[in-house]
Amino acid sequence: MTYEQFKDACFALALEKGCESAEIYSVTSDGFSVNVLNGELDKYAVERSKGLNLRVLFEGKSGYAYTEVFEDPEVLVNHAIDNAKAIESTDENPMQGACEYPEIHEKPNPFVDLPEEEKIRLAMDLERDTLAYDPRVNRTEYCSVDTGVVETHISNTLGLKANSTERYSYAVLGPILKDGDEEHCSFAFKFGPEITDYAGIIKESVENTLLEFNASTVDSGEYRILLRNDAAGDLLSAFSSMFFAERVQKGLSLLTGKLGETIASPAITILDDPFEADNPRAFDAEGVPSVLTTVAENGVLKSYLYNLKSAKKDGVVSTSNAGRMGAAGAVTTAPSNFYIVKGEKSFDELKAALGNGLIITEVSGLHAGLNPISGDFSLIARGQLVENGEIVRSVDQITVAGNWSAATCASASRWAAESVRRRC
Amino acid sequence: MIKSSIVNAVLDEALRTGGDFSELYLQDTESNTLSMIDGKVENANYQRKVGAGVRVLKGTRSAYAYTADTSGDALIACARAAASALKGTKEFEAKAVNVDRIGTPWAKIPFSEIDNAKRIALLRDGTNAAKAYSDEITQVVANYMDCDHRTWVYNSEGVHAEDRRPRCRASIQAVAMANGEAQTGGDSPGYGMGFEAFREKIDIERSGRTAAKTAVTMLHAPECPAGKVPVVIDGGFGGVILHEACVHGLEATSVGRGNSVFCGKLHQQIASPIVNAVDDGTLPGEWGSMHFDDEGNPAQRNLLIENGILKSYLVDILGSRLMNHPVTGSGRRQDYTYAPTSRMTNTFFAPGKDDPEEMIRTMGDGLFAAKMGGGSVNPLTGEFNFAVGEAYWVKDGKILCPVRGATLIGKGAEVLMKIDRIGKEMWMAPGMCGSMSGSIPTNVGQPRIRVSEIVVGGKGGAL
């Protein structure tokens, strides 16, 4: 059975068995990745995959079933209906009908279409130039290039048809530097058309690694903190689920009942921007047309992030933030491009204004040391000690501990001026 | 699952450009997941994942291609894609199957015989037990997962191995709130068994109470003080310290490339002399167990550290070529979308001789980490970071009060040398371990242990 036949058969069977509506979310991906070590291909991988997720609405409840084998539509439909019957929540589960989508202008990325040999050459050149860049570069832990095309199709029996093609490319470089007895490895990455900026990725990865040398800890205490934009972005990303309406509605967020209230310093404005130039999209995982959402403005909470179900429950419209954990997952909530809008000062000005304190360049252990329900975090961190506005030395073996609300309220004037952004 | 003539054609096609080893991996996995929030089922999902991957090795170089289409033509195309990484001419022929390894599944009650009503009843029992523990429990999230994971491995040396690994797990997360503050607790038992695990091994109501107790206890706990102090870490999930701080650094993925603090340390003292550590994939019905690994090699019991001396690394086929070390039955992968690499199974400190009460009584001032959270490690430097889910401050050898927000920070190699007590009773707890070949089920375990000093992170003042 072809994919198209399978899809049509699922829709017909679902309606015949009494479903009000049915929707298919399918993802086809075609990828290529290489890792280079010592001038040779260390890893080479080619990917071809296709999966189909059926969602049915049966007696008002949503049920899911996913398959990668397009043989027996009835088994899939039966699983989906069984799962719909299991749902006890009384929330309504709307599906998106036929609609128009905004035009999206992706930056051209000719690298994706280059022959394999060219992509391999980029990885080879990247390793060679990294080894030559600084005598302390000993080897690379990874030097990889990934490219591919992901096609997403969403269609349903209400007339929805949403198709998108994402062409991705990224390079990750992790040089290992050795100086005396010390050996350290950090990394940098570039994505999209910037992948061909060898010099930039090498410089950034080596500089990040050099920061780890001659580091020592500092005494425990309260410090003035300047969070570098990548570290701040990691923190924001890890706390993003606090803004999900479904978490708020279930009592799993400290932001319950805080709409219109001050939740952060007036310096903080948070956007969810699906049109952001580096990573634009026309619709979300439910096929809802993209909209720009102001989540917080000058410290005041303006909106949660909604999918169709949570929006219906609050009597608002979806903010186009439906997400799925891969094609196999159920609809949840996910940010698109979620970031703190930049301020007016440069990083150097902020450093000078910091006076005495710490620049935090990296936080790790976010999945373990941070709790988005309580807002508590206690994270292993690295950074630099700043005295009289000047960097004195590198710092490691420290933890940064606090609570989300205290951190955003008290320290916001010191957020890096650069826009804090994470692809989510 | 597939005709032997196709298998041979695929393995041979993969060797066409000069590879010296080829491997075909096939997978067929069915799983069911349900989630309940506040006593109501919110989501139910069924997934069937089917696909294949072809790997080619030439010396220490590897190429991998995978496809969700398991037809003969697609598998040949997949083999051709993997082979295209090499540019040579054919040197080796694939051998016909000469070794058959068939794993007998541990499931007594297959998940296909279970309906959603039975799954939901478990979640409801766990939720109710958590809510009944205290009025301060404001929310309970309960998740259920079962999975029937079948694998077929064929390689050009003539090995054919089939395995079937049923697994199931439930997790209860409780949230306690008061005065605008929230704290959480959780318990997530899981086994490599059929649905009988919920009758023979898992007490879901106890999991609910355990989760609620942690959340309520932490809600009333002051912040943990920071400092370098002795730490007693309880058994079970406490073994995450061994998993993160040590055994990740024994995997061929890091050792084979020279990227571990444990490189070149075989037969040397890397831990205190009372430390014995084991990775054992053969334990029947355990979360991290299997009959054969994802390269078709039999699972093994590997003694990693004996009396503080490093005895073995964890080595897959590619790692074995890089390190000149025998394979240890450690080749694992999440699914067909990943090439296999060296991974853990059930990893634990073996029981010691010490009294669990004495180690707190004689520790002076320090931290008792009753429930560990997750963590992460940099294998190159061995730096780690663990969250402590439920912790108590100890003063003059007596438990003073619970403390929240504690983390343990340090370097694995240093902590191993500083273990000065190991208790008599060992138990394990399941987790999902993420690394280069994806997310796989692994058990961590240990008896209660004491470390003479660790940096404890926290934001509280003196207690």
# chains A, B, ... in the order shown; residues from 1 in each chain; ligands from 1
call {"tool": "residues_around", "arguments": {"residues": "segment 196-213 of chain A", "least_positions_apart": "5", "cutoff": "9 Å", "atoms": "only C-alpha atoms", "output": "ChimeraX atom specification"}}
result
/A:111,122,125-127,129-130,133-134,137,171-177,179,182-190,361,382-384,393-396
call {"tool": "residues_around", "arguments": {"residues": "segment 63-79 of chain A", "least_positions_apart": "2", "cutoff": "7 Å", "atoms": "only C-alpha atoms", "output": "PyMOL selection string"}}
result
(chain A and resi 1+3+6+9-10+13-14+50-57+61+81-84+328+330) or (chain B and resi 44-50+68)
call {"tool": "residues_around", "arguments": {"residues": "Ile317 of chain B", "least_positions_apart": "5", "cutoff": "8 Å", "atoms": "only C-alpha atoms", "output": "JSON, numbers by chain"}}
result
{"B": [295, 327, 331, 341]}
call {"tool": "closest_residue", "arguments": {"among": "B:Lys95, B:Arg124, B:Arg16, B:Arg333", "to": "chain A", "atoms": "only C-alpha atoms"}}
result
B:Arg124
call {"tool": "select_by_dssp", "arguments": {"residues": "segment 194-396 of chain A", "states": "alpha helix (DSSP H)", "output": "ChimeraX atom specification"}}
result
/A:198-210,229-238,245-249,308-314,347-354,366-369
call {"tool": "write_last_selection", "arguments": {"atoms": "C-alpha atoms", "output": "PDB file, in the first residue's frame"}}
result
ATOM      1  CA  TYR A 198      34.895  28.213   8.847  1.00  0.00           C
ATOM      2  CA  ALA A 199      36.926  30.981  10.366  1.00  0.00           C
ATOM      3  CA  GLY A 200      34.095  32.047  12.653  1.00  0.00           C
ATOM      4  CA  ILE A 201      33.360  28.604  14.013  1.00  0.00           C
ATOM      5  CA  ILE A 202      37.055  27.821  14.588  1.00  0.00           C
ATOM      6  CA  LYS A 203      37.714  31.094  16.376  1.00  0.00           C
ATOM      7  CA  GLU A 204      34.636  30.753  18.569  1.00  0.00           C
ATOM      8  CA  SER A 205      35.279  27.117  19.542  1.00  0.00           C
ATOM      9  CA  VAL A 206      38.951  27.727  20.366  1.00  0.00           C
ATOM     10  CA  GLU A 207      38.171  30.881  22.333  1.00  0.00           C
ATOM     11  CA  ASN A 208      35.462  29.048  24.283  1.00  0.00           C
ATOM     12  CA  THR A 209      37.964  26.307  25.127  1.00  0.00           C
ATOM     13  CA  LEU A 210      40.724  28.745  26.115  1.00  0.00           C
ATOM     14  CA  ASN A 229      23.689  35.544  26.128  1.00  0.00           C
ATOM     15  CA  ASP A 230      24.149  31.816  25.386  1.00  0.00           C
ATOM     16  CA  ALA A 231      24.016  30.897  29.088  1.00  0.00           C
ATOM     17  CA  ALA A 232      20.984  33.153  29.582  1.00  0.00           C
ATOM     18  CA  GLY A 233      19.322  31.537  26.562  1.00  0.00           C
ATOM     19  CA  ASP A 234      19.914  28.062  28.002  1.00  0.00           C
ATOM     20  CA  LEU A 235      18.270  29.121  31.270  1.00  0.00           C
ATOM     21  CA  LEU A 236      15.294  30.707  29.505  1.00  0.00           C
ATOM     22  CA  SER A 237      14.847  27.610  27.357  1.00  0.00           C
ATOM     23  CA  ALA A 238      14.898  25.317  30.401  1.00  0.00           C
ATOM     24  CA  ALA A 245      -0.928  27.333  29.139  1.00  0.00           C
ATOM     25  CA  GLU A 246      -1.472  23.580  29.536  1.00  0.00           C
ATOM     26  CA  ARG A 247       1.029  23.554  32.443  1.00  0.00           C
ATOM     27  CA  VAL A 248      -0.592  26.652  33.954  1.00  0.00           C
ATOM     28  CA  GLN A 249      -4.079  25.119  33.677  1.00  0.00           C
ATOM     29  CA  LEU A 308      -5.781  24.656  20.212  1.00  0.00           C
ATOM     30  CA  LYS A 309      -6.815  22.623  23.259  1.00  0.00           C
ATOM     31  CA  SER A 310      -5.437  24.938  25.952  1.00  0.00           C
ATOM     32  CA  ALA A 311      -6.700  27.999  24.038  1.00  0.00           C
ATOM     33  CA  LYS A 312     -10.233  26.565  23.909  1.00  0.00           C
ATOM     34  CA  LYS A 313     -10.104  25.959  27.644  1.00  0.00           C
ATOM     35  CA  ASP A 314      -9.153  29.593  28.358  1.00  0.00           C
ATOM     36  CA  PHE A 347      28.407  43.470  26.394  1.00  0.00           C
ATOM     37  CA  ASP A 348      31.492  45.568  27.207  1.00  0.00           C
ATOM     38  CA  GLU A 349      29.364  48.319  28.719  1.00  0.00           C
ATOM     39  CA  LEU A 350      27.573  45.755  30.865  1.00  0.00           C
ATOM     40  CA  LYS A 351      30.922  44.316  31.944  1.00  0.00           C
ATOM     41  CA  ALA A 352      32.108  47.752  32.992  1.00  0.00           C
ATOM     42  CA  ALA A 353      28.823  48.357  34.803  1.00  0.00           C
ATOM     43  CA  LEU A 354      29.173  45.026  36.598  1.00  0.00           C
ATOM     44  CA  LEU A 366      19.909  21.935  33.201  1.00  0.00           C
ATOM     45  CA  HIS A 367      17.805  18.780  32.995  1.00  0.00           C
ATOM     46  CA  ALA A 368      18.771  17.827  36.543  1.00  0.00           C
ATOM     47  CA  GLY A 369      19.567  20.949  38.496  1.00  0.00           C
TER      48      GLY A 369
END
call {"tool": "residues_around", "arguments": {"residues": "Arg165 of chain B", "least_positions_apart": "5", "cutoff": "8 Å", "atoms": "only C-alpha atoms", "output": "list in words"}}
result
Pro105, Trp106, Asp148, His149, Arg150, Gly192, Met193 and Met290 of chain B
call {"tool": "write_last_selection", "arguments": {"atoms": "C-alpha atoms", "output": "JSON list (two decimals), in the first residue's frame"}}
result
[["chain", "number", "residue", "atom", "x", "y", "z"],
["B", 105, "PRO", "CA", 11.80, -13.18, 26.25],
["B", 106, "TRP", "CA", 11.33, -12.61, 29.97],
["B", 148, "ASP", "CA", 7.92, -4.70, 23.25],
["B", 149, "HIS", "CA", 11.30, -4.20, 21.58],
["B", 150, "ARG", "CA", 12.38, -6.86, 19.06],
["B", 192, "GLY", "CA", 12.59, -5.55, 31.76],
["B", 193, "MET", "CA", 9.51, -7.72, 32.17],
["B", 290, "MET", "CA", 19.17, -7.94, 27.37]]
call {"tool": "residues_around", "arguments": {"residues": "Phe283 of chain A", "least_positions_apart": "3", "cutoff": "10 Å", "atoms": "only C-alpha atoms", "output": "VMD selection string"}}
result
chain A and resid 100 to 102 104 162 to 164 274 280 286 to 291 320 to 322 336
call {"tool": "residues_around", "arguments": {"residues": "Asn8 of chain B", "least_positions_apart": "5", "cutoff": "12 Å", "atoms": "only C-alpha atoms", "output": "mmCIF file with C-alpha atoms, in the first residue's frame"}}
result
data_model
loop_
_atom_site.group_PDB
_atom_site.id
_atom_site.type_symbol
_atom_site.label_atom_id
_atom_site.label_comp_id
_atom_site.auth_asym_id
_atom_site.auth_seq_id
_atom_site.Cartn_x
_atom_site.Cartn_y
_atom_site.Cartn_z
ATOM 1 C CA ILE B 2 13.513 -11.414 6.586
ATOM 2 C CA LYS B 3 14.743 -13.960 4.021
ATOM 3 C CA GLU B 13 26.550 -5.156 -1.048
ATOM 4 C CA ALA B 14 27.761 -3.250 2.006
ATOM 5 C CA LEU B 15 31.262 -4.728 1.565
ATOM 6 C CA SER B 22 29.181 -5.309 7.610
ATOM 7 C CA GLU B 23 26.122 -5.547 9.815
ATOM 8 C CA LEU B 24 22.373 -5.419 9.280
ATOM 9 C CA GLY B 72 14.539 -6.008 0.095
ATOM 10 C CA LEU B 75 17.750 -2.587 2.342
ATOM 11 C CA ILE B 76 20.048 -3.028 -0.673
ATOM 12 C CA ALA B 79 23.710 -0.984 2.091
ATOM 13 C CA GLU B 93 32.777 -11.654 1.206
ATOM 14 C CA ALA B 94 29.988 -11.892 3.794
ATOM 15 C CA LYS B 95 29.920 -15.341 5.424
ATOM 16 C CA ALA B 96 26.725 -17.383 5.585
ATOM 17 C CA VAL B 97 25.076 -17.540 9.028
ATOM 18 C CA TYR B 154 23.161 -10.156 11.166
ATOM 19 C CA ASN B 155 26.814 -9.569 10.355
ATOM 20 C CA SER B 156 29.350 -10.534 7.720
ATOM 21 C CA GLU B 157 31.137 -12.874 10.168
ATOM 22 C CA GLY B 158 28.065 -15.140 10.060
ATOM 23 C CA VAL B 159 26.438 -14.054 13.332
ATOM 24 C CA HIS B 160 22.650 -13.990 13.578
#
call {"tool": "residues_around", "arguments": {"residues": "Thr147 of chain A", "least_positions_apart": "4", "cutoff": "8 Å", "atoms": "only C-alpha atoms", "output": "list in words"}}
result
Gly31, Phe32, Ser33, Val112, Arg167, Tyr168, Ser169 and Tyr170 of chain A
call {"tool": "closest_residue", "arguments": {"among": "A:Arg48, A:Lys119, A:Arg281, A:Lys161", "to": "chain B", "atoms": "only C-alpha atoms"}}
result
A:Arg48
call {"tool": "closest_residue", "arguments": {"among": "B:Val54, B:Cys147, B:Phe21, B:Met363", "to": "Lys90 of chain B", "atoms": "only C-alpha atoms"}}
result
B:Phe21
